[in-house]
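**Q** Have a peek at model_33.tsv (TSV, C-alpha atoms).
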```tsv
chain	number	residue	atom	x	y	z
Y	13	MET	CA	0.00	0.00	0.00
Y	14	ASN	CA	1.21	3.51	-0.74
Y	15	SER	CA	2.28	5.70	2.15
Y	16	PRO	CA	0.04	8.73	2.86
Y	17	SER	CA	2.61	11.12	1.46
Y	18	ARG	CA	2.89	9.15	-1.75
Y	19	LYS	CA	-0.87	9.00	-1.95
Y	20	GLU	CA	-1.02	12.75	-1.48
Y	21	ASP	CA	1.59	13.20	-4.16
Y	22	LYS	CA	-0.44	11.03	-6.46
Y	23	LEU	CA	-3.62	12.93	-5.72
Y	24	SER	CA	-1.92	16.28	-6.15
Y	25	ALA	CA	-0.70	15.07	-9.50
Y	26	ALA	CA	-4.18	13.83	-10.33
Y	27	THR	CA	-5.63	17.19	-9.30
Y	28	ALA	CA	-3.15	18.93	-11.54
Y	29	VAL	CA	-4.17	16.66	-14.40
Y	30	LEU	CA	-7.78	17.33	-13.53
Y	31	LEU	CA	-7.21	21.04	-13.98
Y	32	LYS	CA	-5.66	20.27	-17.33
Y	33	ASN	CA	-8.76	18.24	-18.14
Y	34	VAL	CA	-11.00	21.20	-17.37
Y	35	ASP	CA	-8.94	23.41	-19.65
Y	36	SER	CA	-8.44	20.82	-22.37
Y	37	SER	CA	-9.53	21.60	-25.88
Y	38	ASP	CA	-11.92	19.42	-27.81
Y	39	ALA	CA	-8.97	18.24	-29.86
Y	40	GLN	CA	-7.05	17.10	-26.77
Y	41	LEU	CA	-10.08	15.37	-25.30
Y	42	THR	CA	-10.82	13.70	-28.63
Y	43	ARG	CA	-7.27	12.40	-28.97
Y	44	ARG	CA	-7.48	10.95	-25.47
Y	45	ALA	CA	-10.89	9.44	-26.21
Y	46	GLN	CA	-9.40	7.80	-29.28
Y	47	ARG	CA	-6.84	6.14	-27.02
Y	48	GLY	CA	-9.68	4.67	-24.99
Y	49	ASP	CA	-9.97	7.30	-22.25
Y	50	ARG	CA	-13.65	7.29	-21.33
Y	51	LEU	CA	-13.17	10.18	-18.93
Y	52	ALA	CA	-12.13	12.32	-21.84
Y	53	PHE	CA	-15.21	11.30	-23.79
Y	54	ALA	CA	-17.32	12.16	-20.74
Y	55	GLY	CA	-15.74	15.62	-20.93
Y	56	LEU	CA	-16.84	15.94	-24.56
Y	57	ILE	CA	-20.38	14.97	-23.60
Y	58	GLU	CA	-20.31	17.56	-20.83
Y	59	ARG	CA	-19.36	20.25	-23.35
Y	60	HIS	CA	-21.72	19.41	-26.17
Y	61	GLU	CA	-24.73	17.74	-24.58
Y	62	ARG	CA	-26.81	20.89	-24.26
Y	63	VAL	CA	-26.25	22.11	-27.78
Y	64	ILE	CA	-26.96	18.70	-29.29
Y	65	TYR	CA	-30.11	18.43	-27.23
Y	66	ASN	CA	-31.28	21.85	-28.42
Y	67	LEU	CA	-30.41	21.03	-32.02
Y	68	SER	CA	-32.48	17.86	-31.69
Y	69	PHE	CA	-35.34	19.58	-29.91
Y	70	ARG	CA	-35.62	22.24	-32.60
Y	71	MET	CA	-35.34	19.68	-35.35
Y	72	LEU	CA	-37.82	17.21	-33.89
Y	73	GLY	CA	-40.08	19.50	-31.87
Y	74	ASP	CA	-40.51	16.94	-29.11
Y	75	ALA	CA	-38.58	16.66	-25.85
Y	76	ASP	CA	-38.63	12.86	-25.64
Y	77	ASP	CA	-37.53	12.45	-29.24
Y	78	ALA	CA	-34.79	15.04	-28.67
Y	79	ARG	CA	-33.57	13.16	-25.62
Y	80	ASP	CA	-33.41	9.89	-27.56
Y	81	ALA	CA	-31.66	11.54	-30.50
Y	82	THR	CA	-29.10	13.16	-28.20
Y	83	GLN	CA	-28.33	9.87	-26.53
Y	84	ALA	CA	-28.05	8.07	-29.86
Y	85	THR	CA	-25.76	10.82	-31.17
Y	86	PHE	CA	-23.23	10.45	-28.37
Y	87	VAL	CA	-23.33	6.68	-28.35
Y	88	LYS	CA	-22.68	6.63	-32.11
Y	89	ALA	CA	-19.89	9.14	-31.67
Y	90	PHE	CA	-18.34	6.99	-28.96
Y	91	LEU	CA	-18.55	3.89	-31.11
Y	92	SER	CA	-16.81	5.58	-34.02
Y	93	VAL	CA	-14.50	8.00	-32.24
Y	94	LYS	CA	-11.43	6.05	-33.38
Y	95	ALA	CA	-12.39	6.76	-36.98
Y	96	PHE	CA	-12.71	10.49	-36.33
Y	97	ASP	CA	-10.23	12.56	-38.29
Y	98	PRO	CA	-8.49	14.73	-35.66
Y	99	SER	CA	-7.66	17.35	-38.27
Y	100	ARG	CA	-11.39	18.17	-38.31
Y	101	ARG	CA	-13.25	20.02	-35.61
Y	102	PHE	CA	-15.03	17.81	-33.12
Y	103	TYR	CA	-18.13	19.99	-32.95
Y	104	SER	CA	-18.59	19.77	-36.73
Y	105	TRP	CA	-18.42	16.02	-36.46
Y	106	ILE	CA	-20.79	15.68	-33.52
Y	107	TYR	CA	-23.24	18.19	-35.03
Y	108	ARG	CA	-23.22	16.17	-38.22
Y	109	ILE	CA	-23.98	12.96	-36.35
Y	110	GLY	CA	-26.75	14.81	-34.49
Y	111	VAL	CA	-28.24	16.24	-37.69
Y	112	ASN	CA	-28.21	12.84	-39.36
Y	113	GLU	CA	-29.80	11.26	-36.32
Y	114	CYS	CA	-32.61	13.83	-36.45
Y	115	LEU	CA	-33.09	13.48	-40.20
Y	116	ASN	CA	-33.34	9.71	-39.80
Y	117	GLU	CA	-35.90	10.15	-37.05
Y	118	ILE	CA	-37.92	12.53	-39.22
Y	119	ARG	CA	-37.82	10.06	-42.12
Y	120	LYS	CA	-39.02	7.28	-39.84
Y	121	LYS	CA	-41.87	9.44	-38.63
Y	122	SER	CA	-42.63	10.89	-42.04
Y	123	GLY	CA	-46.34	11.42	-42.42
Y	124	ARG	CA	-46.90	10.83	-38.75
Y	125	MET	CA	-45.54	14.10	-37.36
Y	126	GLU	CA	-48.11	16.28	-35.76
Y	127	LEU	CA	-48.37	19.77	-37.14
Y	128	ASP	CA	-49.12	21.76	-34.07
Y	129	ASP	CA	-50.55	25.09	-35.08
Y	130	GLY	CA	-49.54	26.54	-31.78
Y	131	LEU	CA	-52.94	27.26	-30.37
Y	132	VAL	CA	-52.57	28.10	-26.71
Y	133	ASP	CA	-54.90	28.23	-23.78
Y	134	ALA	CA	-56.14	31.80	-23.57
Y	135	THR	CA	-56.60	31.44	-19.83
Y	136	LEU	CA	-52.84	31.39	-19.29
Y	137	GLY	CA	-51.05	34.16	-17.39
Y	138	PRO	CA	-50.65	37.87	-18.09
Y	139	ALA	CA	-51.00	39.16	-21.62
Y	140	GLU	CA	-47.28	39.62	-22.23
Y	141	GLU	CA	-46.46	36.10	-21.10
Y	142	PHE	CA	-49.25	34.80	-23.23
Y	143	GLU	CA	-47.90	36.62	-26.26
Y	144	LYS	CA	-44.41	35.25	-25.69
Y	145	ALA	CA	-45.71	31.74	-25.25
Y	146	GLU	CA	-47.85	32.10	-28.34
Y	147	LEU	CA	-44.89	33.35	-30.38
Y	148	ARG	CA	-42.73	30.45	-29.23
Y	149	LEU	CA	-45.40	27.99	-30.27
Y	150	HIS	CA	-45.83	29.68	-33.63
Y	151	VAL	CA	-42.08	29.52	-34.24
Y	152	ARG	CA	-41.96	25.88	-33.23
Y	153	ALA	CA	-44.89	25.06	-35.48
Y	154	ALA	CA	-43.40	27.03	-38.37
Y	155	LEU	CA	-40.09	25.22	-38.04
Y	156	ARG	CA	-41.92	21.92	-38.28
Y	157	ARG	CA	-43.74	23.03	-41.40
Y	158	ILE	CA	-40.66	23.68	-43.50
Y	159	PRO	CA	-38.64	20.85	-45.06
Y	160	ALA	CA	-36.14	19.19	-42.73
Y	161	ASN	CA	-33.17	20.24	-44.87
Y	162	ASP	CA	-34.29	23.86	-44.62
Y	163	ARG	CA	-34.85	23.50	-40.88
Y	164	VAL	CA	-31.27	22.31	-40.40
Y	165	VAL	CA	-29.70	25.38	-41.97
Y	166	ILE	CA	-32.00	27.71	-40.04
Y	167	ILE	CA	-31.07	26.04	-36.76
Y	168	LEU	CA	-27.35	26.00	-37.51
Y	169	ARG	CA	-27.34	29.66	-38.54
Y	170	HIS	CA	-29.89	31.35	-36.27
Y	171	TYR	CA	-29.53	29.27	-33.11
Y	172	LEU	CA	-26.02	27.87	-33.24
Y	173	ASP	CA	-24.42	30.83	-35.04
Y	174	ARG	CA	-22.44	28.69	-37.45
Y	175	SER	CA	-20.74	30.36	-40.43
Y	176	TYR	CA	-21.45	29.31	-44.01
Y	177	ARG	CA	-18.16	27.42	-44.09
Y	178	GLU	CA	-18.90	25.60	-40.85
Y	179	MET	CA	-22.40	24.71	-42.03
Y	180	ALA	CA	-20.94	23.35	-45.26
Y	181	GLU	CA	-18.51	21.24	-43.24
Y	182	ILE	CA	-21.22	19.93	-40.91
Y	183	LEU	CA	-23.65	19.12	-43.71
Y	184	ASP	CA	-20.98	18.05	-46.20
Y	185	ILE	CA	-22.39	20.24	-48.94
Y	186	PRO	CA	-20.85	23.16	-50.87
Y	187	GLU	CA	-21.07	26.64	-49.35
Y	188	LYS	CA	-23.03	27.76	-52.37
Y	189	THR	CA	-25.70	25.18	-51.55
Y	190	VAL	CA	-25.72	26.29	-47.92
Y	191	LYS	CA	-26.44	29.86	-48.97
Y	192	SER	CA	-29.19	29.06	-51.43
Y	193	ARG	CA	-30.81	26.65	-48.96
Y	194	LEU	CA	-30.62	29.21	-46.15
Y	195	TYR	CA	-32.11	32.02	-48.21
Y	196	THR	CA	-34.94	29.79	-49.41
Y	197	ALA	CA	-35.59	28.57	-45.87
Y	198	ARG	CA	-35.82	32.14	-44.63
Y	199	GLN	CA	-38.32	32.93	-47.35
Y	200	ARG	CA	-40.47	29.96	-46.36
Y	201	LEU	CA	-40.31	30.80	-42.68
Y	202	ALA	CA	-41.09	34.46	-43.28
Y	203	SER	CA	-44.21	33.48	-45.16
Y	204	LEU	CA	-45.32	31.59	-42.06
Y	205	LEU	CA	-44.17	33.99	-39.36
Y	206	LEU	CA	-44.16	37.57	-40.60
Y	207	PRO	CA	-47.35	39.58	-41.09
Y	208	THR	CA	-46.37	40.60	-44.59
Y	209	GLY	CA	-45.12	37.10	-45.32
Y	210	GLU	CA	-42.43	38.42	-47.58
Y	211	ILE	CA	-38.75	38.00	-47.55
Y	212	VAL	CA	-37.65	37.14	-51.01
G	17	MET	CA	-34.80	44.69	-56.14
G	18	ASP	CA	-31.38	43.72	-57.36
G	19	PRO	CA	-30.88	40.01	-56.55
G	20	ARG	CA	-27.20	40.62	-55.86
G	21	MET	CA	-28.05	43.29	-53.30
G	22	MET	CA	-30.57	40.95	-51.70
G	23	GLU	CA	-27.89	38.33	-51.35
G	24	LEU	CA	-25.62	40.96	-49.85
G	25	VAL	CA	-28.31	41.74	-47.26
G	26	HIS	CA	-28.33	38.06	-46.26
G	27	ARG	CA	-24.57	37.87	-46.17
G	28	ALA	CA	-24.18	41.11	-44.26
G	29	PHE	CA	-26.73	39.89	-41.71
G	30	ASP	CA	-24.77	36.65	-41.40
G	31	GLY	CA	-21.47	38.49	-41.01
G	32	GLU	CA	-20.17	37.02	-44.24
G	33	CYS	CA	-19.46	40.04	-46.45
G	34	THR	CA	-16.29	42.03	-46.91
G	35	GLU	CA	-15.85	45.64	-45.90
G	36	GLU	CA	-16.06	46.70	-49.54
G	37	GLU	CA	-19.31	44.81	-49.99
G	38	ARG	CA	-20.71	46.39	-46.86
G	39	VAL	CA	-19.97	49.87	-48.16
G	40	GLU	CA	-21.62	48.94	-51.44
G	41	LEU	CA	-24.66	47.61	-49.58
G	42	ASP	CA	-24.95	50.71	-47.40
G	43	THR	CA	-25.03	52.83	-50.53
G	44	ALA	CA	-27.73	50.65	-52.07
G	45	LEU	CA	-29.77	50.69	-48.84
G	46	SER	CA	-29.69	54.47	-48.72
G	47	ARG	CA	-31.20	54.57	-52.20
G	48	ASP	CA	-33.67	51.69	-52.18
G	49	PRO	CA	-36.58	51.66	-49.67
G	50	ALA	CA	-37.63	48.16	-50.77
G	51	LEU	CA	-34.16	46.86	-49.97
G	52	ARG	CA	-34.35	48.53	-46.54
G	53	SER	CA	-37.71	46.89	-45.93
G	54	PHE	CA	-36.24	43.55	-46.93
G	55	GLN	CA	-33.40	44.03	-44.47
G	56	ILE	CA	-35.85	44.90	-41.67
G	57	GLN	CA	-37.87	41.79	-42.37
G	58	LEU	CA	-34.77	39.65	-42.12
G	59	VAL	CA	-34.05	41.15	-38.69
G	60	GLN	CA	-37.67	40.56	-37.64
G	61	LEU	CA	-37.48	36.96	-38.76
G	62	ASP	CA	-34.36	36.44	-36.66
G	63	GLN	CA	-36.08	38.04	-33.66
G	64	HIS	CA	-39.03	35.70	-34.07
G	65	LEU	CA	-36.76	32.69	-34.24
G	66	ARG	CA	-34.84	33.73	-31.16
G	67	ALA	CA	-38.08	33.95	-29.21
G	68	MET	CA	-37.73	30.20	-28.84
G	69	PRO	CA	-35.30	30.00	-25.92
G	70	GLU	CA	-32.55	27.47	-25.42
G	71	GLU	CA	-33.76	24.51	-23.42
G	72	ASP	CA	-31.90	22.86	-20.58
G	73	SER	CA	-31.09	19.29	-21.41
G	74	PRO	CA	-33.20	16.90	-19.39
G	75	GLU	CA	-32.08	15.84	-15.96
G	76	GLY	CA	-30.46	12.44	-16.05
G	77	LEU	CA	-29.61	12.52	-19.74
G	78	ARG	CA	-25.86	12.62	-19.29
G	79	PRO	CA	-25.75	9.79	-16.74
G	80	ALA	CA	-27.96	7.77	-19.07
G	81	ILE	CA	-25.53	8.30	-21.96
G	82	LEU	CA	-22.57	7.42	-19.77
G	83	GLU	CA	-24.32	4.31	-18.53
G	84	VAL	CA	-24.77	3.10	-22.11
G	85	ILE	CA	-21.20	3.96	-22.97
G	86	ARG	CA	-19.90	2.20	-19.89
G	87	ASP	CA	-21.40	-1.02	-21.18
G	88	THR	CA	-20.37	-0.43	-24.77
G	89	SER	CA	-17.08	-1.18	-26.35
G	90	PRO	CA	-15.93	0.67	-29.44
G	91	SER	CA	-13.64	-1.27	-31.71
G	92	GLY	CA	-10.25	-1.60	-30.14
G	93	LEU	CA	-11.27	-0.47	-26.66
G	94	ARG	CA	-11.48	-2.86	-23.79
G	95	HIS	CA	-14.88	-3.65	-22.33
G	96	ALA	CA	-16.02	-1.73	-19.32
G	97	ARG	CA	-15.75	-3.88	-16.24
G	98	ARG	CA	-19.31	-4.71	-15.40
G	99	GLY	CA	-18.32	-6.78	-12.42
G	100	SER	CA	-15.89	-4.35	-10.92
G	101	ILE	CA	-18.20	-2.98	-8.25
G	102	SER	CA	-17.97	-4.79	-4.98
G	103	SER	CA	-21.13	-6.01	-3.32
G	104	ARG	CA	-20.52	-3.59	-0.45
G	105	ARG	CA	-20.57	-0.70	-2.87
G	106	ARG	CA	-23.59	-2.07	-4.66
G	107	ASP	CA	-25.44	-2.29	-1.35
G	108	PHE	CA	-24.47	1.25	-0.52
G	109	ALA	CA	-25.62	2.47	-3.89
G	110	ILE	CA	-28.99	0.93	-3.26
G	111	PHE	CA	-28.99	2.46	0.22
G	112	VAL	CA	-28.52	5.95	-1.09
G	113	ALA	CA	-31.61	5.54	-3.21
G	114	GLY	CA	-29.89	6.02	-6.46
G	115	ALA	CA	-29.76	9.79	-6.52
G	116	ALA	CA	-26.45	10.37	-8.23
G	117	ALA	CA	-24.51	13.13	-9.87
G	118	MET	CA	-21.29	13.05	-11.77
G	119	PHE	CA	-19.10	16.03	-12.49
G	120	VAL	CA	-15.62	17.18	-13.13
G	121	VAL	CA	-14.27	19.35	-10.35
G	122	GLY	CA	-11.70	22.04	-10.82
G	123	VAL	CA	-10.11	24.32	-8.29
G	124	GLY	CA	-12.64	26.80	-7.10
G	125	LEU	CA	-16.21	26.68	-6.04
G	126	LEU	CA	-18.67	24.39	-7.73
G	127	ARG	CA	-22.36	24.43	-6.94
G	128	VAL	CA	-24.01	21.19	-7.77
G	129	PRO	CA	-27.78	21.03	-8.05
G	130	LEU	CA	-28.53	17.45	-7.25
G	131	PRO	CA	-31.11	15.40	-9.04
G	132	GLY	CA	-34.19	14.55	-7.06
G	133	LEU	CA	-35.29	11.10	-6.11
G	134	ASP	CA	-36.55	10.53	-9.59
G	135	GLY	CA	-33.28	11.71	-11.07
G	136	GLY	CA	-31.75	8.28	-11.38
G	137	ASN	CA	-32.00	4.64	-10.57
G	138	THR	CA	-28.32	4.07	-10.29
G	139	VAL	CA	-27.12	0.86	-8.86
G	140	GLY	CA	-23.38	0.69	-8.95
G	141	THR	CA	-21.39	3.45	-10.49
G	142	LEU	CA	-21.68	6.03	-13.20
G	143	LEU	CA	-17.96	6.41	-13.52
G	144	PRO	CA	-16.96	5.16	-16.94
G	145	THR	CA	-13.85	3.66	-15.42
G	146	GLU	CA	-12.80	1.73	-12.37
G	147	ILE	CA	-13.15	3.52	-9.05
G	148	THR	CA	-9.82	4.11	-7.39
G	149	HIS	CA	-10.89	5.99	-4.26
G	150	SER	CA	-14.01	6.58	-2.24
G	151	GLN	CA	-14.84	8.56	0.86
G	152	SER	CA	-17.96	9.06	2.94
G	153	ILE	CA	-19.32	12.60	3.09
G	154	ARG	CA	-20.20	13.56	6.64
G	155	LEU	CA	-21.54	16.85	7.88
G	156	ASN	CA	-21.95	17.25	11.64
G	157	GLY	CA	-21.69	13.50	12.10
G	158	GLU	CA	-24.40	12.72	9.58
G	159	THR	CA	-23.49	10.60	6.58
G	160	LEU	CA	-24.96	12.27	3.55
G	161	GLY	CA	-23.46	10.26	0.78
G	162	GLU	CA	-20.33	8.90	-0.76
G	163	LEU	CA	-17.79	10.55	-2.97
G	164	ARG	CA	-15.90	8.38	-5.42
G	165	TRP	CA	-13.20	9.34	-7.77
G	166	ALA	CA	-10.96	7.82	-10.32
G	167	ASP	CA	-7.85	9.20	-11.89
G	168	SER	CA	-6.41	8.09	-15.14
G	169	ASP	CA	-3.76	9.39	-17.45
G	170	GLY	CA	-6.28	11.93	-18.65
G	171	GLY	CA	-7.85	13.47	-15.56
G	172	THR	CA	-9.98	12.89	-12.52
G	173	LEU	CA	-13.69	12.40	-12.57
G	174	ILE	CA	-15.70	12.56	-9.39
G	175	GLU	CA	-18.95	10.78	-8.78
G	176	LEU	CA	-21.28	11.55	-5.94
G	177	LEU	CA	-23.84	9.19	-4.54
G	178	TRP	CA	-26.13	11.31	-2.45
G	179	SER	CA	-28.61	10.29	0.17
G	180	ALA	CA	-32.22	10.77	-0.75
G	181	ASP	CA	-32.73	12.69	2.51
G	182	ALA	CA	-29.83	15.03	1.92
G	183	PRO	CA	-30.19	18.69	0.88
G	184	ALA	CA	-30.72	19.48	-2.75
G	185	LEU	CA	-27.81	21.86	-3.16
G	186	LEU	CA	-24.22	21.10	-2.44
G	187	GLU	CA	-21.19	23.35	-2.73
G	188	LEU	CA	-17.84	21.76	-3.35
G	189	GLU	CA	-14.54	23.53	-3.29
G	190	ILE	CA	-11.03	22.32	-3.75
G	191	ASP	CA	-8.66	24.80	-2.20
G	192	PRO	CA	-5.74	25.53	-4.52
G	193	GLU	CA	-3.53	25.84	-1.43
G	194	ALA	CA	-4.51	22.40	-0.18
G	195	PRO	CA	-5.66	20.37	-3.18
G	196	THR	CA	-6.11	17.19	-1.13
G	197	LEU	CA	-8.93	18.75	0.89
G	198	LEU	CA	-12.44	18.99	-0.45
G	199	ARG	CA	-14.63	21.51	1.32
G	200	VAL	CA	-18.30	20.62	1.38
G	201	ARG	CA	-20.97	23.15	2.29
G	202	SER	CA	-24.67	22.65	2.44
G	203	GLU	CA	-27.40	24.57	4.20
G	204	GLY	CA	-24.93	26.48	6.33
G	205	ARG	CA	-22.97	23.41	7.37
G	206	GLU	CA	-19.39	22.91	6.30
G	207	ALA	CA	-16.89	20.09	6.44
G	208	SER	CA	-13.47	19.41	4.99
G	209	ILE	CA	-13.03	15.97	3.55
G	210	PRO	CA	-9.56	14.58	2.95
G	211	LEU	CA	-9.51	13.05	-0.48
G	212	VAL	CA	-6.90	10.55	0.68
G	213	GLY	CA	-6.56	8.50	3.82
G	214	GLY	CA	-10.24	7.84	4.53
G	215	PRO	CA	-11.53	4.45	5.56
G	216	ASN	CA	-12.41	3.50	1.99
G	217	SER	CA	-9.61	5.17	0.16
G	218	GLY	CA	-6.90	3.59	-1.88
G	219	GLN	CA	-8.96	0.64	-3.03
```
Render the structure in this file as structure tokens.

**A**
Amino acid sequence: MNSPSRKEDKLSAATAVLLKNVDSSDAQLTRRAQRGDRLAFAGLIERHERVIYNLSFRMLGDADDARDATQATFVKAFLSVKAFDPSRRFYSWIYRIGVNECLNEIRKKSGRMELDDGLVDATLGPAEEFEKAELRLHVRAALRRIPANDRVVIILRHYLDRSYREMAEILDIPEKTVKSRLYTARQRLASLLLPTGEIV
Amino acid sequence: MDPRMMELVHRAFDGECTEEERVELDTALSRDPALRSFQIQLVQLDQHLRAMPEEDSPEGLRPAILEVIRDTSPSGLRHARRGSISSRRRDFAIFVAGAAAMFVVGVGLLRVPLPGLDGGNTVGTLLPTEITHSQSIRLNGETLGELRWADSDGGTLIELLWSADAPALLELEIDPEAPTLLRVRSEGREASIPLVGGPNSGQ
């Protein structure tokens, strides 16, 4: 058995490594995960869980489906992390897995997705809160009404603030396609959300 | 409207145009009310979209993912050791009613909102690796839970098994001056827990 001082030395060293872990970049954590370090992969989950959940929630419009998609995304990433190209950015890779997971889910449910028109209970709360809630529901319903490929670019740009280049990398399509898809998606959404319905 | 200017409105909004293009767009906007209206509508659309706030991920999602990963082996990685938890630990895990939280602790103060009774059904450990140390958490003589940690070549992950009767908010602090001491505060009570040398440590 180690003496207390050696144990303390070991723990101090571990604490120092722990601090390094907190400050590690995605690239460092990914490299360690590729060597089989599950703690490092747990760190990657910690960093990206919320954004993948929100991506899934906005894509699928349902909390339970989003939860399942998020879990499936990280499990798939874990299973294939050794094949990940470390010269790429981890978030692009995990977003791509998440997007594909959502698109697959949408395909499976095709024709069965509810189109919630966002009607709310008029007995709810003060007027301002009601308006906010109503707007959120309208946005959610509008997002579900546009094609899934349009929805993806809207979410990546307006909620996740990804650049054209990053979106192209995540979706594996040319930047030119990203732009045309984004502009078309905006037009479709505007027709559903804005009073004038025009953004051409 | 000039289609090129419309594209420039999109690109300027997305932060994707050059300084020269922005100057060109500003000139066009000053001359074309329809283009200005188009720009305003784009801003309004963004405002509508952002009315949908970011959601917190559901409680228990991360432990659920880690639980699956713990029992999953990617190609080339060794299997997680399903049988590595001793029966004593398993019994204790059941005793603490399965409320569990896992987190990475750095130097400084960390406030940990603990999941409620429904937050987990953990039996065993959430740590995706073998436990190397464990220590009871006691405040004023009352055992509130168990802290476990494991260090590897990559870092230290700490897992907390927390009594169902314990308070819902816990503050943890590792003092940079004494990194082997974990300070635990909850509801005005405070204790310092040595992270080595406890009755269960070094296993």

**Q** Rounded to one decimal, what separation in Å do you get between atom CA of Arg20 of chain G and atom CA of Glu178 of chain Y?

**A**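 Going from atom CA of Arg20 of chain G over to atom CA of Glu178 of chain Y, I get 22.8 Å.
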
**Q** Calculated over all atoms listed in the file, which of the candidates G:Asp42, G:Glu36, G:Glu75, G:Asp48 has the smallest distance to chain Y?

**A**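 Closest to chain Y, using all atoms listed in the file: G:Glu75.
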
**Q** Mind checking which residues fall within 8 Å of Gly110 of chain Y, counting all atoms listed in the file, ignoring those fewer than 6 positions away in the same chain, and posting them as a ChimeraX atom specification?

**A** /Y:64,67-68,81-82,85

**Q** Find the residue from G:Arg47, G:His64, G:Arg86, G:Arg27 that sits nearest to Lys188 of chain Y; use all atoms listed in the file when measuring.

**A** G:Arg27

**Q** Any idea what the distance is between atom CA of Leu56 of chain Y and atom CA of Asp80 of chain Y?

**A**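 Pair atom CA of Leu56 of chain Y / atom CA of Asp80 of chain Y returns 17.9 Å.
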
**Q** List the neighbours of Leu65 of chain G out to 10 Å using all atoms listed in the file; skip same-chain residues closer than 6 positions along the sequence, and give me the result as a list in words.

**A**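 Neighbouring residues, sequence-local ones excluded: Leu147, Arg148, His150, Val151, Arg152, Ala154, Leu155, Ile166, Ile167, His170, Tyr171, Leu201 and Leu205 of chain Y; Val59 of chain G.
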
**Q** So the first atom is atom CA of Val164 of chain Y and the second is atom CA of Ala84 of chain Y; what is the distance between them in Å, to one decimal place?

**A** 18.0 Å

**Q** When you count all atoms listed in the file, which of these residues is closest to Ser203 of chain Y: Y:Leu115, Y:Ile185, Y:Ile158, Y:Val190?

**A**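 The answer is Y:Ile158, which sits nearest to Ser203 of chain Y.
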
**Q** Check the smallest atom-to-atom distance from each of G:Asp18, G:Glu37, G:Glu70, G:Ala28 to Phe69 of chain Y using only C-alpha atoms, then report the winner.

**A** G:Glu70

**Q** Could you check the closest approach to chain G for each of Y:Leu149, Y:Leu72, Y:Ala39, Y:Leu168 and tell me which residue wins, using all atoms listed in the file?

**A**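 With all atoms listed in the file as the atom set, the closest residue is Y:Leu149.
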
**Q** Neighbours of Pro74 of chain G within 12 Å (only C-alpha atoms; same-chain residues fewer than 2 positions away dropped), as a PDB file with C-alpha atoms, in the coordinates of the input?

**A**
```pdb
ATOM      1  CA  GLU Y  61     -24.730  17.740 -24.580  1.00  0.00           C
ATOM      2  CA  ARG Y  62     -26.810  20.890 -24.260  1.00  0.00           C
ATOM      3  CA  ILE Y  64     -26.960  18.700 -29.290  1.00  0.00           C
ATOM      4  CA  TYR Y  65     -30.110  18.430 -27.230  1.00  0.00           C
ATOM      5  CA  ASN Y  66     -31.280  21.850 -28.420  1.00  0.00           C
ATOM      6  CA  PHE Y  69     -35.340  19.580 -29.910  1.00  0.00           C
ATOM      7  CA  ALA Y  75     -38.580  16.660 -25.850  1.00  0.00           C
ATOM      8  CA  ASP Y  76     -38.630  12.860 -25.640  1.00  0.00           C
ATOM      9  CA  ASP Y  77     -37.530  12.450 -29.240  1.00  0.00           C
ATOM     10  CA  ALA Y  78     -34.790  15.040 -28.670  1.00  0.00           C
ATOM     11  CA  ARG Y  79     -33.570  13.160 -25.620  1.00  0.00           C
ATOM     12  CA  ASP Y  80     -33.410   9.890 -27.560  1.00  0.00           C
ATOM     13  CA  THR Y  82     -29.100  13.160 -28.200  1.00  0.00           C
ATOM     14  CA  GLN Y  83     -28.330   9.870 -26.530  1.00  0.00           C
TER      15      GLN Y  83
ATOM     16  CA  GLU G  71     -33.760  24.510 -23.420  1.00  0.00           C
ATOM     17  CA  ASP G  72     -31.900  22.860 -20.580  1.00  0.00           C
ATOM     18  CA  GLY G  76     -30.460  12.440 -16.050  1.00  0.00           C
ATOM     19  CA  LEU G  77     -29.610  12.520 -19.740  1.00  0.00           C
ATOM     20  CA  ARG G  78     -25.860  12.620 -19.290  1.00  0.00           C
ATOM     21  CA  PRO G  79     -25.750   9.790 -16.740  1.00  0.00           C
ATOM     22  CA  ALA G  80     -27.960   7.770 -19.070  1.00  0.00           C
ATOM     23  CA  ILE G  81     -25.530   8.300 -21.960  1.00  0.00           C
ATOM     24  CA  PRO G 131     -31.110  15.400  -9.040  1.00  0.00           C
ATOM     25  CA  GLY G 135     -33.280  11.710 -11.070  1.00  0.00           C
ATOM     26  CA  GLY G 136     -31.750   8.280 -11.380  1.00  0.00           C
TER      27      GLY G 136
END
```
